[in-house]
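Heads up: the structure comes next, in structure tokens.
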Amino acid sequence: MSARAAAQAVDALRRGWPVAIRGRDGTLKLLAIETADAERLNAFDPEGRAPVLLSAGRAATLKLANQRDAATPDGAVLVERVPWLDFDTGTALADPQLDLATPLKGPFRAMPNVASEASAAALRLARVAGLLPAFFVLAQEDAEAITPSDIDAHEDADRLRIVGRARLPVEGAEDTEIVAFRTDEMPGEHVALVIGQPDGTPPLVRLHSECLTGDVLGSLKCDCGPQLRAAIAAIQASGWGVLLYLRQEGRGIGLINKLRAYALQDQGFDTVDANTRLGFAVDARNFAIAGRMLTLLGQPVVRLLTNNPDKVAALEASGVTVRERVEHKLPPNPHNERYLATKRDRTGHQL
Ligand SMILES: Nc1nc2c(ncn2[C@@H]2O[C@H](COP(=O)(O)OP(=O)(O)OP(=O)(O)O)[C@@H](O)[C@H]2O)c(=O)[nH]1
Ligand SMILES: [Zn+2]
């Protein structure tokens with residue numbers, strides 16, 4: 001298991017270089033459509049025979065769901081390569097933002113997906129890389145192939161360690177310390193704000209997932225910015241506690257993919273369907289990271305500020321005891337009303 005091999009594969013995908021993944025039922029060489037171009041596709045596949053690998057969620061939108069593999073929205077579907085399926089058509093298959101602008105040619109046909117383990121790993125690697133989950137693929141052995149367990153190692157929360165800490169007075173909580181965590185391969189560092197002084201009682205804890213648009217730019221589309229500031233205030237008022245700032249932008253799909261989801265929301269899809277149509281799980285976050293951070297901070301028992309019962313369950317699954325769920329509701333605005341209603345109606349939030 002090599003987290004480093006997976007990190008190199010993420011880097012290669014981001015640069016438009018091919019990578020290979022070996023699963024138990026076959027090896028796939030992959031070219032990520034988002035970072036490729038016609039020339040790279042030609043170098044990767046001079047004979048024009050590489051089919052396109054898509055998520056089942058995207059394939060369903062294209063009416064392409066392969067009966068066998070489409071059971072889960074983040075399962076994989078192979079689209080048969082035909083002569084007119086060129087690079088631009090591949091891009092149109094990959095990116096749902098283009099659906100309105102470029103009517104797709106067709107018909108496309110799903111074909112049996114032989115290397116199912118490698119395909120699933122490919123979709124996962126695209127998410128880790130923050131790319132659209134869509135590839136041209138060749139079933140081909142490769143000495144440099146990574147394996148699904150390399151990706152597991154890369155994503156393993158137990159690799160996180162504390163790398164720095166300092167006093168950081170923040171607005172509304174002056175007696176605060178910042179603690180930074182990372183793994184060797186991780187580009188973004190997670191941080192914790194330890195607010196006030198531990199007094200032997202379970203800390204009030206907030207798991208805040210990064211939202212550049214809401215936290216920093218004041219976006220009104222979501223409730224993240226107000227939730228962040230209200231969490232600091234609530235922790236301060238409770239005596240002491242911990243705010244975890246988790247670098248899981250867009251519920252784990254990354255900033256660019258979240259913006260793609262926003263563009264789909266502009267077309268009328270809600271936050272759940274937008275994720276699915278892009279080919280991602282509705283919530284791709286790994287809360288084991290939060291569990292590991294709390295463990296490293298020596299806090300195995302917490303009171304959790306959240307409206308999301310899944311967060312409670314995920315944190316408990318990672319070995320932290322949630323003694324109490326404390327609700328964290330803020331008043332809606334005209335722009336986030338529908339988003340909050342979707343969270344209540346479709347993702348089980350107690351709002
Ligand atoms: N993919 C996607 N992510 C979004 C969207 N709107 C907000 N987010 C992300 O959702 C995350 C915020 O969720 P949180 O507030 O931490 O958690 P929650 O699951 O809503 O639960 P609470 O603890 O009750 O707030 C951030 O990473 C945001 O970037 C969206 O429309 N699509
Ligand atoms: Zn937000």
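In the structure tokens, chains take letters A, B, ... by order of appearance, with residues numbered from 1 within each chain and ligands from 1 in the order shown.
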
**OP:** Return as a PyMOL selection string the residues of protein, DNA or RNA that approach ligand 2 to within 9 Å, with only C-alpha atoms and all ligand atoms taken into account.
**Re:** chain A and resi 209-215+219-225+249-250

Subject >> Residue set, region 186-349 of chain A restricted to strand (DSSP E), as an NGL selection string >> reply: :A and (190-195 or 204-209 or 241-246 or 301-305 or 321-326)

Subject >> Expected selection as a PyMOL selection string for ligand 1 within 8 Å, only C-alpha atoms and all ligand atoms >> reply: chain A and resi 206-214+221-224+227+247-255+257-259+261-262+265+270-272+274-275+282-283+305-311+327-329+339+343+349-350

Now that the selection is made, can you save its residues with C-alpha atoms as a PDB file, in the first residue's frame?
ATOM      1  CA  ARG A 206     -18.331  21.794  15.337  1.00  0.00           C
ATOM      2  CA  LEU A 207     -17.247  19.945  12.186  1.00  0.00           C
ATOM      3  CA  HIS A 208     -17.101  22.682   9.595  1.00  0.00           C
ATOM      4  CA  SER A 209     -16.449  21.661   5.990  1.00  0.00           C
ATOM      5  CA  GLU A 210     -14.599  24.208   3.894  1.00  0.00           C
ATOM      6  CA  CYS A 211     -16.784  26.449   1.741  1.00  0.00           C
ATOM      7  CA  LEU A 212     -14.683  29.121   0.057  1.00  0.00           C
ATOM      8  CA  THR A 213     -17.739  30.808  -1.412  1.00  0.00           C
ATOM      9  CA  GLY A 214     -19.631  30.958   1.874  1.00  0.00           C
ATOM     10  CA  LYS A 221     -26.432  30.348  -1.583  1.00  0.00           C
ATOM     11  CA  CYS A 222     -25.644  28.310   1.523  1.00  0.00           C
ATOM     12  CA  ASP A 223     -25.530  28.790   5.295  1.00  0.00           C
ATOM     13  CA  CYS A 224     -21.804  28.071   5.789  1.00  0.00           C
ATOM     14  CA  GLN A 227     -22.760  28.771  10.628  1.00  0.00           C
ATOM     15  CA  ARG A 247     -10.697  20.860   3.882  1.00  0.00           C
ATOM     16  CA  GLN A 248     -13.604  19.032   2.280  1.00  0.00           C
ATOM     17  CA  GLU A 249     -14.885  21.748  -0.017  1.00  0.00           C
ATOM     18  CA  GLY A 250     -18.226  21.064  -1.656  1.00  0.00           C
ATOM     19  CA  ARG A 251     -19.021  18.086   0.607  1.00  0.00           C
ATOM     20  CA  GLY A 252     -15.801  16.485  -0.588  1.00  0.00           C
ATOM     21  CA  ILE A 253     -15.992  17.017  -4.372  1.00  0.00           C
ATOM     22  CA  GLY A 254     -13.717  20.084  -4.450  1.00  0.00           C
ATOM     23  CA  LEU A 255     -14.309  23.708  -5.338  1.00  0.00           C
ATOM     24  CA  ASN A 257     -16.873  20.484  -9.019  1.00  0.00           C
ATOM     25  CA  LYS A 258     -19.017  22.391  -6.501  1.00  0.00           C
ATOM     26  CA  LEU A 259     -19.137  25.319  -8.921  1.00  0.00           C
ATOM     27  CA  ALA A 261     -22.970  21.753  -9.243  1.00  0.00           C
ATOM     28  CA  TYR A 262     -23.951  25.398  -8.767  1.00  0.00           C
ATOM     29  CA  GLN A 265     -28.531  24.453  -9.803  1.00  0.00           C
ATOM     30  CA  ASP A 270     -31.279  20.876  -6.467  1.00  0.00           C
ATOM     31  CA  THR A 271     -28.064  20.257  -4.513  1.00  0.00           C
ATOM     32  CA  VAL A 272     -28.659  16.486  -4.386  1.00  0.00           C
ATOM     33  CA  ALA A 274     -26.651  18.281  -9.154  1.00  0.00           C
ATOM     34  CA  ASN A 275     -24.079  16.072  -7.393  1.00  0.00           C
ATOM     35  CA  VAL A 282     -24.453  13.278  -2.551  1.00  0.00           C
ATOM     36  CA  ASP A 283     -21.985  13.573   0.326  1.00  0.00           C
ATOM     37  CA  LEU A 305     -23.110  21.113  16.982  1.00  0.00           C
ATOM     38  CA  THR A 306     -24.986  19.929  13.876  1.00  0.00           C
ATOM     39  CA  ASN A 307     -28.368  19.402  12.266  1.00  0.00           C
ATOM     40  CA  ASN A 308     -27.055  16.447  10.297  1.00  0.00           C
ATOM     41  CA  PRO A 309     -27.634  13.022  11.899  1.00  0.00           C
ATOM     42  CA  ASP A 310     -25.227  11.452   9.358  1.00  0.00           C
ATOM     43  CA  LYS A 311     -22.392  13.486  10.855  1.00  0.00           C
ATOM     44  CA  GLU A 327     -28.737  21.947  16.864  1.00  0.00           C
ATOM     45  CA  HIS A 328     -27.108  24.643  14.760  1.00  0.00           C
ATOM     46  CA  LYS A 329     -29.867  26.429  12.838  1.00  0.00           C
ATOM     47  CA  TYR A 339     -31.013  24.691  -0.371  1.00  0.00           C
ATOM     48  CA  LYS A 343     -31.300  19.460   3.180  1.00  0.00           C
ATOM     49  CA  HIS A 349     -31.221  17.324   8.224  1.00  0.00           C
ATOM     50  CA  GLN A 350     -33.170  18.232  11.334  1.00  0.00           C
TER      51      GLN A 350
END

**OP:** May I ask for the distance between CA of Gly279 (chain A) and CA of Leu123 (chain A), given in Å to one decimal place?
**Re:** 8.5 Å

**OP:** Would you mind telling me which residue in A:Leu64, A:Ala153, A:Ala233, A:Leu243 lies nearest to Val179 (chain A) when using only C-alpha atoms?
**Re:**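 So, comparing all the options, the nearest one is A:Leu243.
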
**OP:** Work out how far CA of Thr61 (chain A) is from CA of Thr276 (chain A), in Å to one decimal.
**Re:**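 Result for CA of Thr276 (chain A) versus CA of Thr61 (chain A): 9.0 Å, one decimal.
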
Subject >> Given only C-alpha atoms as the counted atoms, nearest of A:Arg338, A:Arg127, A:Lys63, A:Arg277 to Arg14 (chain A) >> reply: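 Smallest distance to Arg14 (chain A) is found for A:Arg127.
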
Original post:
Could you work out how far CA of Pro300 (chain A) lies from CA of Ala234 (chain A), giving the answer in Å with one decimal?
Top reply: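 So the two atoms, CA of Ala234 (chain A) and CA of Pro300 (chain A), lie 20.1 Å apart.
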